[in-house]
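**Student:** One structure coming up, written as structure tokens, with questions to follow.
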Amino acid sequence: MTHAVAIPTPVSIPVRQILPYAVFAGIISLIVLYFVGAEQGALAVFEGTTVHEFVHDARHLLGFPCH
Amino acid sequence: MPLTETESTPAATAATLTVRSLLVWGLLAGLVGGLLAFGFAYAFGEPAVERAISIEETGTGHAHAGEQPAEHSHGEAEEEEVVSRAFQSTGGLGIGAVAYGLGLGELFSLAFAFAYGRVGSLSPRATALAVAGLGYLAVVLVPFLTYPANPPAVGNPDTIGQRTALFFGMIVISLALLVTAIAAARALAPKLGGWWSTVAAGLGYAVLVTVVAKLLPGFQEVPDGFPGDLIWQFRVASLGTSAVLWTGIGLTFAALLHRGLTKGRTV
């Protein structure tokens, strides 16, 4: 592997620096994944079937149990 | 405010990253991955979904939205259809895939933040691809092999709660075992060397995940007479959709990371 610009040595990011972001962005991301993957299937935050029907094909093709 | 302290890195010899840039790259990578996954799913997954729905509507499978055997024209609005098939297979699929990609891209960038600089001698880009590859293995492939994806018309509505819990449970177990295996490999490396500690951890993961998969209950809910080739076609398309998503995220993230690191300033 030769590069025009040398890649510097990776410096790990201290865990205490990652954690606040991990908690905040992690929770929001998991909520998004939940709505695509499971809402109005086994569990439901909102009533009805609109969310389920809306993401129906994505849910199936991403491998989640749908109905 | 919290990350400014890292920006006082002395020289460009050390590649320091902020979590904030990683999250932005994760979002962009998720967008690209989601769009690519949508394209793949639309081209290779939708034919199987449509075929399964037409079988469902002729009454072979379990009841879905409309219970009457209906004609095959999906463009026509069926009784109490909330979202039309035409939209489900295009806009719905696209929005679902992109939303999923964005969420996954963020989680990917967080996983990368922990892995970066902590996994042996891998370069930054190789670290990104390793995270994507191992993530696909632990989050997609192993849970899929335990509880395979099913097309519409397959699956008993009475067991949806159990199947969902077990599927998510398998993702959590698989991911936890992967993290444990990586920690074990790191701990064993000084003793066994990098090669054998990695081999031992990999084999340990494979054995444990197989035992767990065999201990958990399985479900055989394919209706009688449902075509086997359709299940196969759907499942390959499903695995492929996720493969495209994870590859898209990994490669896009690696490209953005490389660009950021070679710009010669702290990102």
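Naming works like this for the structure tokens: A, B, ... for the chains as they're shown, residue 1 at the start of each chain, ligands 1 onward in shown order.
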Counting only C-alpha atoms, which residues of chain A come no farther than 6 Å from chain B, as a count of residues only?
**Tutor:** 20
**Student:** Residues of chain A in helix (DSSP H, G or I) according to DSSP, as an NGL selection string?
**Tutor:** :A and (15-37 or 50-54 or 56-61)
**Student:** Grab the residues selected above and save them as a short mmCIF file (atom, residue, chain, number, x, y, z; two decimals), in the first residue's frame with N, CA and C atoms.
**Tutor:**
data_model
loop_
_atom_site.label_atom_id
_atom_site.label_comp_id
_atom_site.auth_asym_id
_atom_site.auth_seq_id
_atom_site.Cartn_x
_atom_site.Cartn_y
_atom_site.Cartn_z
N VAL A 15 -12.46 6.68 25.86
CA VAL A 15 -13.84 6.22 26.01
C VAL A 15 -14.73 7.29 26.62
N ARG A 16 -14.19 8.03 27.59
CA ARG A 16 -15.04 9.05 28.24
C ARG A 16 -15.44 10.16 27.26
N GLN A 17 -14.66 10.28 26.17
CA GLN A 17 -15.04 11.26 25.14
C GLN A 17 -16.13 10.72 24.23
N ILE A 18 -16.10 9.39 24.02
CA ILE A 18 -17.08 8.79 23.12
C ILE A 18 -18.44 8.66 23.79
N LEU A 19 -18.41 8.34 25.09
CA LEU A 19 -19.64 7.95 25.78
C LEU A 19 -20.83 8.92 25.64
N PRO A 20 -20.64 10.24 25.88
CA PRO A 20 -21.81 11.12 25.76
C PRO A 20 -22.45 11.04 24.37
N TYR A 21 -21.60 11.02 23.33
CA TYR A 21 -22.11 10.91 21.96
C TYR A 21 -22.77 9.55 21.75
N ALA A 22 -22.12 8.51 22.28
CA ALA A 22 -22.63 7.15 22.09
C ALA A 22 -24.02 7.02 22.69
N VAL A 23 -24.22 7.59 23.87
CA VAL A 23 -25.53 7.49 24.51
C VAL A 23 -26.57 8.27 23.71
N PHE A 24 -26.24 9.51 23.38
CA PHE A 24 -27.21 10.37 22.69
C PHE A 24 -27.51 9.86 21.28
N ALA A 25 -26.49 9.78 20.44
CA ALA A 25 -26.70 9.34 19.06
C ALA A 25 -27.15 7.88 19.01
N GLY A 26 -26.64 7.10 19.96
CA GLY A 26 -27.02 5.68 20.00
C GLY A 26 -28.51 5.49 20.23
N ILE A 27 -29.05 6.24 21.18
CA ILE A 27 -30.48 6.09 21.49
C ILE A 27 -31.33 6.54 20.30
N ILE A 28 -30.99 7.70 19.73
CA ILE A 28 -31.76 8.19 18.59
C ILE A 28 -31.71 7.17 17.43
N SER A 29 -30.51 6.65 17.17
CA SER A 29 -30.38 5.68 16.08
C SER A 29 -31.19 4.42 16.33
N LEU A 30 -31.13 3.94 17.57
CA LEU A 30 -31.88 2.72 17.89
C LEU A 30 -33.38 2.95 17.72
N ILE A 31 -33.85 4.16 18.06
CA ILE A 31 -35.27 4.45 17.87
C ILE A 31 -35.63 4.39 16.39
N VAL A 32 -34.76 4.96 15.54
CA VAL A 32 -35.01 4.92 14.09
C VAL A 32 -35.05 3.47 13.61
N LEU A 33 -34.06 2.67 14.04
CA LEU A 33 -34.04 1.27 13.62
C LEU A 33 -35.29 0.53 14.11
N TYR A 34 -35.72 0.87 15.32
CA TYR A 34 -36.91 0.23 15.86
C TYR A 34 -38.15 0.52 14.99
N PHE A 35 -38.27 1.78 14.55
CA PHE A 35 -39.45 2.13 13.76
C PHE A 35 -39.45 1.42 12.42
N VAL A 36 -38.26 1.25 11.82
CA VAL A 36 -38.23 0.52 10.56
C VAL A 36 -38.41 -0.98 10.82
N GLY A 37 -37.80 -1.47 11.90
CA GLY A 37 -37.72 -2.91 12.10
C GLY A 37 -38.87 -3.56 12.84
N THR A 50 -50.22 2.15 10.09
CA THR A 50 -49.63 3.00 9.05
C THR A 50 -48.12 2.85 8.96
N VAL A 51 -47.45 2.89 10.14
CA VAL A 51 -45.99 2.78 10.12
C VAL A 51 -45.59 1.43 9.56
N HIS A 52 -46.26 0.39 10.04
CA HIS A 52 -45.98 -0.98 9.57
C HIS A 52 -46.13 -1.07 8.05
N GLU A 53 -47.25 -0.57 7.55
CA GLU A 53 -47.50 -0.67 6.10
C GLU A 53 -46.52 0.19 5.30
N PHE A 54 -46.14 1.32 5.89
CA PHE A 54 -45.25 2.25 5.20
C PHE A 54 -43.88 1.61 4.95
N HIS A 56 -43.20 -1.55 5.26
CA HIS A 56 -43.43 -2.99 5.12
C HIS A 56 -42.34 -3.73 4.32
N ASP A 57 -42.06 -3.26 3.12
CA ASP A 57 -41.13 -3.99 2.25
C ASP A 57 -39.70 -3.90 2.76
N ALA A 58 -39.33 -2.73 3.29
CA ALA A 58 -37.98 -2.58 3.85
C ALA A 58 -37.82 -3.52 5.04
N ARG A 59 -38.85 -3.61 5.85
CA ARG A 59 -38.78 -4.49 7.03
C ARG A 59 -38.57 -5.94 6.61
N HIS A 60 -39.36 -6.38 5.64
CA HIS A 60 -39.19 -7.76 5.16
C HIS A 60 -37.79 -7.99 4.62
N LEU A 61 -37.35 -7.08 3.73
CA LEU A 61 -36.09 -7.32 3.03
C LEU A 61 -34.87 -7.09 3.91
#
**Student:** Mind giving me the straight-line distance from atom CA of Ala183 of chain B to atom CA of Ala213 of chain B in Å, one decimal?
**Tutor:** 21.9 Å
**Student:** So that I can see what lies close to segment 206-212 of chain B, please list as a list in words the residues with an atom at most 9 Å from it, counting only C-alpha atoms and leaving out residues fewer than 4 positions away in the same chain.
**Tutor:**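 Answer for this query is Val142, Thr146, Met170, Ile173, Ser174, Leu177, Ala201, Gly202 and Leu216 of chain B.
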**Student:** Keeping N, CA and C atoms, export the residues of the selection given above as a JSON list (two decimals), in the first residue's frame.
**Tutor:**
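Once everything was written out, this is selection.json:
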[["chain", "number", "residue", "atom", "x", "y", "z"],
["B", 142, "VAL", "N", -25.35, -14.00, 11.33],
["B", 142, "VAL", "CA", -25.64, -14.99, 12.37],
["B", 142, "VAL", "C", -27.12, -14.98, 12.79],
["B", 146, "THR", "N", -29.98, -17.99, 12.11],
["B", 146, "THR", "CA", -30.78, -18.53, 13.21],
["B", 146, "THR", "C", -32.28, -18.35, 12.93],
["B", 170, "MET", "N", -31.27, -12.61, 19.53],
["B", 170, "MET", "CA", -30.14, -13.24, 18.85],
["B", 170, "MET", "C", -29.14, -12.19, 18.39],
["B", 173, "ILE", "N", -27.25, -11.15, 21.58],
["B", 173, "ILE", "CA", -26.34, -12.22, 22.03],
["B", 173, "ILE", "C", -25.14, -12.30, 21.10],
["B", 174, "SER", "N", -25.40, -12.29, 19.80],
["B", 174, "SER", "CA", -24.33, -12.42, 18.82],
["B", 174, "SER", "C", -23.34, -11.26, 18.93],
["B", 177, "LEU", "N", -21.33, -11.57, 22.14],
["B", 177, "LEU", "CA", -20.28, -12.59, 22.00],
["B", 177, "LEU", "C", -19.14, -12.09, 21.12],
["B", 201, "ALA", "N", -10.20, -16.70, 19.40],
["B", 201, "ALA", "CA", -11.39, -15.90, 19.66],
["B", 201, "ALA", "C", -12.46, -16.14, 18.59],
["B", 202, "GLY", "N", -12.02, -16.25, 17.32],
["B", 202, "GLY", "CA", -12.97, -16.51, 16.23],
["B", 202, "GLY", "C", -13.66, -17.85, 16.39],
["B", 216, "LEU", "N", -31.99, -22.13, 21.16],
["B", 216, "LEU", "CA", -33.20, -21.30, 21.05],
["B", 216, "LEU", "C", -34.25, -22.02, 20.20]]
**Student:** May I ask for the distance between atom CA of Val131 of chain B and atom CA of Ala38 of chain A, given in Å to one decimal place?
**Tutor:**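 These two atoms are separated by 24.7 Å.
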**Student:** How many Å separate atom CA of Pro217 of chain B from atom CA of Leu43 of chain A?
**Tutor:**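 Separation of atom CA of Pro217 of chain B and atom CA of Leu43 of chain A: 20.3 Å.
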**Student:** When distances are computed from only C-alpha atoms, which of B:Leu178, B:Ala185, B:Leu203, B:Val244 shows the smallest separation from Leu137 of chain B?
**Tutor:**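 Of B:Leu178, B:Ala185, B:Leu203, B:Val244, the one nearest Leu137 of chain B is B:Leu178, counting only C-alpha atoms.
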